[in-house]
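Q: Below is target-v5.cif; it holds mmCIF, C-alpha atoms.
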```
data_run
#
loop_
_atom_site.label_atom_id
_atom_site.label_comp_id
_atom_site.auth_asym_id
_atom_site.auth_seq_id
_atom_site.Cartn_x
_atom_site.Cartn_y
_atom_site.Cartn_z
CA MET A 1 21.19 -11.78 -12.54
CA GLY A 2 19.09 -8.84 -13.62
CA GLU A 3 15.54 -8.32 -14.82
CA GLU A 4 14.48 -5.18 -16.65
CA GLY A 5 10.99 -4.27 -17.86
CA THR A 6 10.77 -1.69 -20.64
CA GLY A 7 7.79 -1.17 -22.91
CA GLY A 8 6.28 -4.54 -22.02
CA THR A 9 9.52 -6.46 -22.55
CA VAL A 10 11.10 -8.44 -19.72
CA HIS A 11 14.80 -9.35 -19.83
CA LEU A 12 16.46 -11.94 -17.61
CA LEU A 13 20.23 -11.48 -17.58
CA CYS A 14 22.74 -13.76 -15.88
CA LEU A 15 26.27 -12.47 -15.32
CA ALA A 16 29.29 -14.21 -13.84
CA ALA A 17 29.64 -12.57 -10.42
CA SER A 18 33.44 -12.41 -10.48
CA SER A 19 34.12 -11.32 -14.07
CA GLY A 20 30.86 -9.79 -15.27
CA VAL A 21 30.86 -12.04 -18.37
CA PRO A 22 27.28 -12.45 -19.69
CA LEU A 23 26.21 -16.10 -19.36
CA PHE A 24 22.81 -15.71 -21.00
CA CYS A 25 20.03 -13.23 -21.64
CA ARG A 26 16.42 -14.31 -22.22
CA SER A 27 13.66 -11.91 -23.20
CA SER A 28 9.87 -11.99 -23.18
CA ARG A 29 7.32 -9.54 -24.55
CA GLY A 30 3.61 -9.85 -23.89
CA GLY A 31 4.10 -13.31 -22.37
CA ALA A 32 5.92 -14.73 -25.43
CA PRO A 33 9.66 -15.11 -26.18
CA ALA A 34 11.15 -11.99 -27.78
CA ARG A 35 14.19 -11.52 -29.99
CA GLN A 36 14.95 -8.09 -28.55
CA GLN A 37 18.09 -8.31 -26.43
CA LEU A 38 19.69 -5.99 -23.93
CA PRO A 39 22.43 -3.80 -25.47
CA PHE A 40 25.93 -4.44 -24.21
CA SER A 41 26.04 -0.98 -22.59
CA VAL A 42 23.10 -1.93 -20.32
CA ILE A 43 24.71 -5.26 -19.47
CA GLY A 44 27.91 -3.43 -18.52
CA SER A 45 25.98 -0.96 -16.38
CA LEU A 46 24.17 -3.75 -14.54
CA ASN A 47 27.46 -5.45 -13.80
CA GLY A 48 28.95 -2.15 -12.63
CA VAL A 49 26.11 -1.62 -10.18
CA HIS A 50 26.55 -5.15 -8.86
CA MET A 51 30.33 -4.81 -8.46
CA PHE A 52 30.06 -1.37 -6.84
CA GLY A 53 27.68 -2.68 -4.19
CA GLN A 54 29.74 -5.82 -3.66
CA ASN A 55 32.91 -3.80 -2.99
CA LEU A 56 31.06 -1.85 -0.31
CA GLU A 57 29.63 -5.05 1.21
CA VAL A 58 26.17 -3.90 0.16
CA GLN A 59 23.71 -6.15 -1.64
CA LEU A 60 21.59 -4.23 -4.13
CA SER A 61 18.25 -5.97 -4.54
CA SER A 62 16.43 -3.56 -6.83
CA ALA A 63 16.57 -0.17 -8.52
CA LYS A 64 13.70 1.65 -10.21
CA THR A 65 13.18 4.52 -12.62
CA GLU A 66 9.93 5.89 -14.00
CA ASN A 67 9.43 3.06 -16.49
CA THR A 68 12.16 0.54 -15.69
CA THR A 69 12.81 -1.95 -12.91
CA VAL A 70 16.18 -3.67 -12.45
CA VAL A 71 16.36 -6.59 -10.01
CA LEU A 72 19.59 -8.25 -8.91
CA LEU A 73 19.38 -11.81 -7.65
CA VAL A 74 21.92 -13.93 -5.77
CA GLY A 75 22.90 -16.97 -7.85
CA LEU A 76 23.99 -20.45 -6.80
CA GLU A 77 27.51 -20.92 -5.47
CA GLU A 78 28.24 -23.11 -8.50
CA LEU A 79 27.57 -20.10 -10.75
CA THR A 80 29.98 -17.88 -8.82
CA ASN A 81 32.96 -20.29 -8.89
CA ILE A 82 33.23 -20.64 -12.65
CA ARG A 83 36.23 -22.50 -14.08
CA ASN A 84 35.23 -22.52 -17.75
CA VAL A 85 32.81 -19.78 -18.80
CA GLU A 86 32.23 -21.11 -22.31
CA ARG A 87 31.46 -24.62 -21.00
CA LEU A 88 29.01 -23.17 -18.49
CA LYS A 89 27.29 -21.07 -21.16
CA LYS A 90 26.85 -24.21 -23.26
CA ASP A 91 25.47 -26.21 -20.32
CA LEU A 92 22.99 -23.46 -19.45
CA ARG A 93 21.34 -23.74 -22.87
CA ALA A 94 19.52 -26.85 -21.65
CA SER A 95 17.62 -24.58 -19.24
CA TYR A 96 16.43 -22.04 -21.82
CA CYS A 97 13.00 -23.63 -22.34
CA LEU A 98 12.37 -23.67 -18.60
CA ILE A 99 13.60 -20.09 -18.15
CA ASP A 100 11.48 -18.84 -21.06
CA SER A 101 8.39 -20.49 -19.58
CA PHE A 102 8.91 -18.60 -16.30
CA LEU A 103 9.22 -15.31 -18.18
CA GLY A 104 6.14 -15.97 -20.30
CA ASP A 105 2.45 -16.04 -19.46
CA SER A 106 2.32 -19.59 -18.09
CA GLU A 107 -0.95 -21.41 -17.42
CA LEU A 108 0.68 -22.87 -14.28
CA ILE A 109 1.00 -21.24 -10.87
CA GLY A 110 3.47 -23.44 -8.97
CA ASP A 111 6.21 -20.82 -9.41
CA LEU A 112 4.17 -18.48 -7.20
CA THR A 113 2.58 -20.91 -4.73
CA GLN A 114 5.47 -23.40 -4.49
CA CYS A 115 2.80 -26.10 -4.72
CA VAL A 116 2.65 -28.75 -7.44
CA ASP A 117 0.13 -27.98 -10.20
CA CYS A 118 -2.24 -30.96 -10.35
CA VAL A 119 -5.34 -32.10 -12.24
CA ILE A 120 -8.09 -34.51 -11.23
CA PRO A 121 -8.64 -37.32 -13.77
CA PRO A 122 -12.07 -38.98 -14.08
CA GLU A 123 -10.61 -42.45 -13.34
CA GLY A 124 -7.83 -41.54 -10.96
CA SER A 125 -7.74 -44.81 -9.00
CA LEU A 126 -7.34 -46.83 -12.20
CA LEU A 127 -4.46 -44.65 -13.41
CA GLN A 128 -2.83 -44.72 -9.98
CA GLU A 129 -2.91 -48.51 -9.92
CA ALA A 130 -1.38 -48.70 -13.39
CA LEU A 131 1.29 -46.18 -12.42
CA SER A 132 2.28 -48.18 -9.34
CA GLY A 133 2.53 -51.36 -11.44
CA PHE A 134 4.65 -49.59 -14.04
CA ALA A 135 6.97 -48.24 -11.32
CA GLU A 136 7.42 -51.74 -9.90
CA ALA A 137 8.14 -53.17 -13.35
CA THR A 138 10.80 -50.53 -14.04
CA GLY A 139 12.39 -50.68 -10.60
CA THR A 140 12.08 -46.99 -9.78
CA ALA A 141 10.09 -45.35 -7.00
CA PHE A 142 9.80 -41.95 -8.70
CA VAL A 143 7.16 -42.05 -11.46
CA SER A 144 4.45 -39.59 -12.46
CA LEU A 145 1.90 -39.00 -15.20
CA VAL A 146 1.99 -35.40 -16.44
CA VAL A 147 -0.34 -33.52 -18.79
CA SER A 148 0.74 -30.07 -20.01
CA GLY A 149 3.05 -29.63 -17.01
CA ARG A 150 0.45 -30.73 -14.43
CA VAL A 151 0.61 -33.94 -12.39
CA VAL A 152 -2.25 -36.36 -13.07
CA ALA A 153 -0.99 -39.14 -10.79
CA ALA A 154 2.28 -40.01 -9.07
CA THR A 155 3.88 -42.65 -6.89
CA GLU A 156 4.50 -42.06 -3.20
CA GLY A 157 8.20 -41.68 -3.94
CA TRP A 158 7.54 -38.88 -6.44
CA TRP A 159 5.32 -37.04 -3.94
CA ARG A 160 8.10 -37.23 -1.36
CA LEU A 161 10.33 -35.06 -3.56
CA GLY A 162 10.91 -31.77 -1.79
CA THR A 163 10.38 -28.23 -2.93
CA PRO A 164 11.38 -26.99 -5.46
CA GLU A 165 12.04 -30.33 -7.21
CA ALA A 166 8.40 -31.44 -7.11
CA VAL A 167 7.32 -28.15 -8.72
CA LEU A 168 10.16 -27.81 -11.24
CA LEU A 169 10.20 -31.31 -12.76
CA PRO A 170 6.66 -31.35 -14.22
CA TRP A 171 7.07 -27.68 -15.18
CA LEU A 172 10.25 -28.61 -17.06
CA VAL A 173 8.49 -31.44 -18.89
CA GLY A 174 5.67 -29.12 -19.91
CA SER A 175 8.13 -26.52 -21.24
CA LEU A 176 10.10 -28.86 -23.53
CA PRO A 177 9.31 -29.35 -27.25
CA PRO A 178 7.27 -32.53 -27.95
CA GLN A 179 9.31 -35.73 -28.22
CA THR A 180 8.38 -39.40 -28.23
CA ALA A 181 10.96 -40.20 -25.54
CA ARG A 182 13.70 -38.36 -23.64
CA ASP A 183 16.66 -39.23 -21.44
CA TYR A 184 17.34 -35.88 -19.76
CA PRO A 185 19.98 -35.19 -17.08
CA VAL A 186 18.68 -33.09 -14.18
CA TYR A 187 20.20 -31.76 -10.96
CA LEU A 188 17.89 -31.68 -7.95
CA PRO A 189 18.42 -28.38 -6.05
CA HIS A 190 17.97 -30.05 -2.65
CA GLY A 191 18.12 -33.79 -3.24
CA SER A 192 21.20 -33.94 -5.50
CA PRO A 193 22.66 -30.55 -6.45
CA THR A 194 26.01 -31.89 -7.72
CA VAL A 195 25.26 -35.35 -9.18
CA PRO A 196 22.71 -35.50 -12.02
CA HIS A 197 19.77 -37.90 -12.11
CA ARG A 198 18.10 -39.13 -15.29
CA LEU A 199 14.65 -37.81 -16.10
CA LEU A 200 13.08 -40.25 -18.56
CA THR A 201 9.90 -39.15 -20.35
CA LEU A 202 7.67 -41.29 -22.56
CA THR A 203 4.82 -39.75 -24.55
CA LEU A 204 1.58 -41.71 -24.24
CA LEU A 205 -0.62 -39.18 -26.07
CA PRO A 206 0.01 -35.61 -27.23
CA SER A 207 0.89 -33.51 -24.12
CA LEU A 208 0.46 -36.57 -21.85
CA GLU A 209 3.77 -38.05 -20.67
CA LEU A 210 5.13 -40.62 -18.26
CA CYS A 211 8.05 -39.31 -16.20
CA LEU A 212 10.61 -41.41 -14.36
CA LEU A 213 13.37 -40.08 -12.14
CA CYS A 214 16.14 -42.66 -11.86
CA GLY A 215 19.85 -43.44 -11.78
CA PRO A 216 21.91 -45.36 -14.37
CA SER A 217 19.14 -47.92 -14.89
CA PRO A 218 16.78 -48.75 -16.48
CA PRO A 219 17.91 -48.00 -20.04
CA LEU A 220 15.36 -46.18 -22.17
CA SER A 221 15.31 -49.08 -24.64
CA GLN A 222 13.94 -51.36 -21.88
CA LEU A 223 10.87 -49.15 -21.46
CA TYR A 224 10.02 -48.19 -25.00
CA PRO A 225 8.06 -49.49 -26.74
CA GLN A 226 7.35 -53.01 -25.37
CA LEU A 227 6.84 -52.32 -21.64
CA LEU A 228 5.08 -49.05 -22.35
CA GLU A 229 2.51 -50.67 -24.65
CA ARG A 230 1.93 -53.65 -22.36
CA CYS A 231 1.17 -51.46 -19.32
CA TRP A 232 -0.75 -48.59 -20.89
CA GLN A 233 -2.42 -49.77 -24.11
CA PRO A 234 -5.39 -51.22 -22.15
CA LEU A 235 -5.97 -47.81 -20.55
CA LEU A 236 -6.25 -45.78 -23.72
CA ASP A 237 -9.72 -44.38 -22.97
CA PRO A 238 -8.91 -43.21 -19.40
CA LEU A 239 -5.71 -41.67 -20.76
CA ARG A 240 -7.61 -39.80 -23.48
CA ALA A 241 -9.91 -38.40 -20.80
CA CYS A 242 -6.86 -36.70 -19.25
CA LEU A 243 -6.09 -34.54 -22.30
CA PRO A 244 -8.70 -31.77 -21.67
CA LEU A 245 -7.56 -31.53 -18.04
CA GLY A 246 -4.57 -29.34 -18.93
CA PRO A 247 -6.40 -26.00 -18.91
CA ARG A 248 -9.49 -27.21 -17.01
CA ALA A 249 -7.92 -29.17 -14.09
CA LEU A 250 -11.31 -30.65 -13.12
CA PRO A 251 -13.23 -33.51 -14.78
CA SER A 252 -15.95 -32.60 -17.27
CA GLY A 253 -19.30 -32.22 -15.55
CA PHE A 254 -17.90 -31.37 -12.12
CA PRO A 255 -20.57 -29.18 -10.46
CA LEU A 256 -19.36 -25.58 -10.17
CA HIS A 257 -21.42 -22.44 -9.74
CA THR A 258 -21.89 -20.62 -13.04
CA ASP A 259 -20.48 -17.39 -11.55
CA ILE A 260 -17.02 -18.95 -11.10
CA LEU A 261 -14.57 -17.65 -13.72
CA GLY A 262 -11.45 -19.14 -12.14
CA LEU A 263 -10.27 -20.91 -9.02
CA LEU A 264 -7.13 -21.79 -7.11
CA LEU A 265 -7.30 -24.52 -4.47
CA LEU A 266 -4.22 -25.19 -2.36
CA HIS A 267 -3.53 -28.05 0.03
CA LEU A 268 -0.96 -26.35 2.25
CA GLU A 269 0.25 -29.55 3.91
CA LEU A 270 0.61 -31.70 0.78
CA LYS A 271 1.95 -28.73 -1.24
CA ARG A 272 -0.40 -29.42 -4.16
CA CYS A 273 -2.82 -27.12 -5.97
CA LEU A 274 -5.59 -27.00 -8.57
CA PHE A 275 -5.64 -23.93 -10.81
CA THR A 276 -8.01 -23.17 -13.65
CA VAL A 277 -9.43 -20.11 -15.36
CA GLU A 278 -11.53 -22.13 -17.80
CA PRO A 279 -14.01 -24.01 -15.62
CA LEU A 280 -17.18 -23.28 -17.61
CA GLY A 281 -16.26 -22.12 -21.10
CA ASP A 282 -15.71 -18.69 -22.67
CA LYS A 283 -16.66 -15.54 -20.80
CA GLU A 284 -15.04 -12.18 -20.21
CA PRO A 285 -12.40 -11.39 -19.01
CA SER A 286 -9.90 -13.37 -21.10
CA PRO A 287 -8.03 -16.37 -19.62
CA GLU A 288 -4.82 -14.30 -19.51
CA GLN A 289 -6.55 -11.56 -17.52
CA ARG A 290 -8.12 -14.09 -15.19
CA ARG A 291 -4.76 -15.69 -14.47
CA ARG A 292 -3.25 -12.29 -13.75
CA LEU A 293 -6.11 -11.37 -11.41
CA LEU A 294 -5.87 -14.62 -9.45
CA ARG A 295 -2.07 -14.46 -9.21
CA ASN A 296 -2.21 -10.88 -7.92
CA PHE A 297 -5.00 -11.76 -5.48
CA TYR A 298 -3.00 -14.75 -4.19
CA THR A 299 0.00 -12.48 -3.57
CA LEU A 300 -2.21 -9.98 -1.76
CA VAL A 301 -3.98 -12.41 0.58
CA THR A 302 -0.83 -14.43 1.31
CA SER A 303 1.17 -11.35 2.28
CA THR A 304 -1.56 -9.60 4.26
CA HIS A 305 -4.27 -12.00 5.47
CA PHE A 306 -3.15 -15.63 5.32
CA PRO A 307 0.53 -15.94 6.31
CA PRO A 308 2.24 -19.15 5.18
CA GLU A 309 3.12 -20.11 8.76
CA PRO A 310 0.73 -20.39 11.75
CA GLY A 311 0.26 -17.22 13.75
CA PRO A 312 2.18 -16.48 16.96
CA LEU A 313 1.10 -17.96 20.27
CA GLU A 314 -0.42 -15.59 22.79
CA LYS A 315 -0.31 -16.57 26.46
CA THR A 316 -2.64 -15.78 29.34
CA GLU A 317 -2.49 -17.02 32.94
CA ASP A 318 -4.68 -20.02 32.18
CA GLU A 319 -3.97 -21.01 28.60
CA VAL A 320 -1.86 -20.71 25.51
CA TYR A 321 -3.77 -20.12 22.29
CA GLN A 322 -2.99 -19.19 18.74
CA ALA A 323 -3.52 -15.61 17.60
CA GLN A 324 -6.73 -15.23 15.64
CA LEU A 325 -6.30 -15.21 11.86
CA PRO A 326 -8.92 -14.26 9.29
CA ARG A 327 -10.70 -17.12 7.57
CA ALA A 328 -12.06 -15.22 4.60
CA CYS A 329 -11.65 -12.00 2.67
CA TYR A 330 -12.98 -10.59 -0.57
CA LEU A 331 -12.14 -7.91 -3.09
CA VAL A 332 -14.46 -6.09 -5.49
CA LEU A 333 -12.85 -4.57 -8.57
CA GLY A 334 -14.82 -1.89 -10.37
CA THR A 335 -18.05 -1.35 -8.46
CA GLU A 336 -20.25 -3.32 -6.10
CA GLU A 337 -23.25 -2.83 -8.36
CA PRO A 338 -24.50 -6.14 -9.80
CA GLY A 339 -23.19 -6.69 -13.30
CA LYS A 340 -20.16 -4.41 -12.86
CA GLY A 341 -16.50 -5.34 -12.27
CA VAL A 342 -15.32 -8.70 -10.89
CA ARG A 343 -15.27 -10.27 -7.45
CA LEU A 344 -12.44 -12.18 -5.76
CA VAL A 345 -12.87 -14.14 -2.56
CA ALA A 346 -10.44 -16.19 -0.47
CA LEU A 347 -11.37 -18.75 2.18
CA GLN A 348 -9.13 -20.84 4.41
CA LEU A 349 -10.35 -23.88 6.34
CA GLY A 350 -7.69 -26.04 8.00
CA VAL A 351 -5.00 -27.06 5.50
CA ARG A 352 -6.97 -25.87 2.46
CA ARG A 353 -7.11 -22.41 0.96
CA LEU A 354 -9.50 -21.51 -1.87
CA LEU A 355 -9.39 -18.44 -4.09
CA LEU A 356 -12.24 -17.72 -6.49
CA LEU A 357 -12.61 -15.25 -9.33
CA LEU A 358 -16.31 -14.52 -9.81
CA SER A 359 -18.41 -12.78 -12.43
CA PRO A 360 -19.90 -9.34 -11.70
CA GLN A 361 -23.35 -10.94 -11.37
CA SER A 362 -22.29 -12.55 -8.07
CA PRO A 363 -23.58 -10.42 -5.14
CA SER A 364 -21.02 -9.40 -2.55
CA HIS A 365 -23.11 -10.60 0.39
CA GLY A 366 -23.09 -14.16 -0.96
CA LEU A 367 -19.36 -14.52 -1.68
CA ARG A 368 -18.41 -16.35 1.51
CA SER A 369 -21.34 -18.76 1.26
CA LEU A 370 -20.46 -19.57 -2.37
CA ALA A 371 -16.78 -20.07 -1.48
CA THR A 372 -17.63 -22.33 1.46
CA HIS A 373 -19.94 -24.48 -0.67
CA THR A 374 -17.30 -24.73 -3.42
CA LEU A 375 -14.55 -25.68 -0.97
CA HIS A 376 -16.68 -28.46 0.52
CA ALA A 377 -17.35 -29.78 -3.00
CA LEU A 378 -13.62 -29.73 -3.89
CA THR A 379 -12.32 -31.17 -0.60
CA PRO A 380 -12.67 -34.86 -1.61
CA LEU A 381 -10.53 -34.15 -4.70
CA LEU A 382 -7.53 -32.58 -2.95
#
```
Represent the structure from my file as structure tokens, please.
A:
Amino acid sequence: MGEEGTGGTVHLLCLAASSGVPLFCRSSRGGAPARQQLPFSVIGSLNGVHMFGQNLEVQLSSAKTENTTVVLLVGLEELTNIRNVERLKKDLRASYCLIDSFLGDSELIGDLTQCVDCVIPPEGSLLQEALSGFAEATGTAFVSLVVSGRVVAATEGWWRLGTPEAVLLPWLVGSLPPQTARDYPVYLPHGSPTVPHRLLTLTLLPSLELCLLCGPSPPLSQLYPQLLERCWQPLLDPLRACLPLGPRALPSGFPLHTDILGLLLLHLELKRCLFTVEPLGDKEPSPEQRRRLLRNFYTLVTSTHFPPEPGPLEKTEDEVYQAQLPRACYLVLGTEEPGKGVRLVALQLGVRRLLLLLSPQSPSHGLRSLATHTLHALTPLL
């Protein structure tokens, strides 16, 4: 697989490792799908680089020029032992919507954090109770309620899905074109990589869908429309209240400081997160810029300040204790003068990590206090 960035266009190319036959090429420009494709000469060159390194028992991970980056990725074993190239190319088309969403400017962040994007509904306990009853009536343990690719509520069985399944399934649902109902075959990378499960989706309201992961039963006709209406028609108002949660993640009226332009809250043990860049309406910078700033800041603090695993143990004659790790850090972009640039602050307390994007009016000396107060307010939610 190769990825090349030229003039703002990103190309994702998948080649058969043994023959070099192109399996697919997806392109994105400015966060949206692009028709521009890689010329065959570039595809041939990428394959030549891959084969040259393979013959020398060298794995080439990346190559860069002044304005181009080429990245080679190791594919699944199933993609290297190809029996019928044309059949594989046809099967891979079902993944195009998901692939395009990763290349584009997604409003989600689970691809980076490997945590499930979630939202907090105003009447969560009521929806959770209805979801559990629906799961019992359908005879499946894996049921979730998803709005715009984010999990509103889910059964215990759904939450027990491992990574990356728990992240990919709602992301897949959010990337597909709207449909009243679907019966979609999916392979689970860890849980069932060779035998497909059925992903059933039922649209309750625009962008709000019920998702069931199951085997041969139940048939879709058993769920829609009779059982669906009986279980969910009484909850129409709580369901409608979920629709604005896509971009906002938090219920309307949740108390947030007016300086907060965006936030990312992660529960590192549960592998769930809340992510929004639209907590309090329209301000500069744009939502796209805010997402980019928070994603880059997350990458920075995770790689330098807050490692994903606990720190190493240091031993003295009397005790064993964990190496000290920072609890907070901040970054000022532009200038520290009030009203200039933006502020980013990260705070970790126990299993929770909070990242905030703040307006230039927020003074640097108050960043940690504001982050601590915000984390305490969000803790009961996640």
Q: With only C-alpha atoms as the basis for distance, which of A:Ala94, A:Leu103, A:Leu227, A:Val42 is at the shortest distance from A:Tyr187?
A: A:Ala94
Q: Could you list the residues chosen by the PyMOL selection byres ((chain A and resi 238) around 12) in this structure as a VMD selection string?
A: chain A and resid 120 to 128 130 152 204 to 205 208 232 to 237 239 to 245 251
Q: Step by step, work through what the PyMOL selection byres ((chain A and resi 283-290) around 10) selects in the shown file, and finish by giving those residues as number ranges by chain.
A: A: 31, 105-107, 247, 261-263, 276-278, 280-282, 291-296, 341-342, 357-359
Q: From the options A:His376, A:Lys271, A:Arg352, A:Arg368, which residue's atoms come nearest to A:Gln114, counting only C-alpha atoms?
A: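 Smallest separation from A:Gln114 among the options: A:Lys271.
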Q: Mind giving me the straight-line distance from atom CA of A:Leu172 to atom CA of A:Glu209 in Å, one decimal?
A: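 According to the coordinates, atom CA of A:Leu172 and atom CA of A:Glu209 are separated by 12.0 Å.
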Q: Please report the interatomic distance between atom CA of A:Glu129 and atom CA of A:Asp183 in Å with one decimal.
A: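 Between these atoms lies a distance of 24.5 Å.
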Q: Applying the PyMOL selection byres ((chain A and resi 101) around 10) to the file I just gave you, which residues come out? Please list them as a compact mmCIF listing (two decimals) with C-alpha atoms, in the frame of the given file.
A:
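Contents of part-v4.txt, freshly written:
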```
# COMPACT_ATOMS: atom_id res chain seq x y z
CA SER A 28 9.87 -11.99 -23.18
CA GLY A 31 4.10 -13.31 -22.37
CA ALA A 32 5.92 -14.73 -25.43
CA PRO A 33 9.66 -15.11 -26.18
CA TYR A 96 16.43 -22.04 -21.82
CA CYS A 97 13.00 -23.63 -22.34
CA LEU A 98 12.37 -23.67 -18.60
CA ILE A 99 13.60 -20.09 -18.15
CA ASP A 100 11.48 -18.84 -21.06
CA PHE A 102 8.91 -18.60 -16.30
CA LEU A 103 9.22 -15.31 -18.18
CA GLY A 104 6.14 -15.97 -20.30
CA ASP A 105 2.45 -16.04 -19.46
CA SER A 106 2.32 -19.59 -18.09
CA GLU A 107 -0.95 -21.41 -17.42
CA LEU A 108 0.68 -22.87 -14.28
CA TRP A 171 7.07 -27.68 -15.18
CA LEU A 172 10.25 -28.61 -17.06
CA GLY A 174 5.67 -29.12 -19.91
CA SER A 175 8.13 -26.52 -21.24
CA LEU A 176 10.10 -28.86 -23.53
```
Q: Taking (7.3, -39.8, -8.9) in the file's coordinates, which residues come within 9 Å, counting only C-alpha atoms, written as a list of chain:residue names?
A: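 Answer for this query, in the requested form: A:Ala135, A:Thr140, A:Ala141, A:Phe142, A:Val143, A:Ser144, A:Leu145, A:Ala153, A:Ala154, A:Thr155, A:Glu156, A:Gly157, A:Trp158, A:Trp159, A:Arg160, A:Leu161, A:Ala166, A:Cys211, A:Leu212, A:Leu213.
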Q: Between A:His190, A:Arg343, A:Arg248, A:Arg87, which one has atoms that come closest to A:Pro279, using all atoms listed in the file?
A: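 Nearest to A:Pro279: A:Arg248.
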Q: So, counting all atoms listed in the file, which residue among A:Pro39, A:Pro255, A:Gly44, A:Gly191 is closest to A:Ala16?
A: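 For A:Ala16, the nearest of the candidates is A:Gly44.
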Q: So which one's closest to A:Arg230, A:Leu382, A:Phe254, A:Ala137, A:Leu331? Using only C-alpha atoms, please.
A: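 Residue with the minimum atom-to-atom distance to A:Arg230: A:Ala137.
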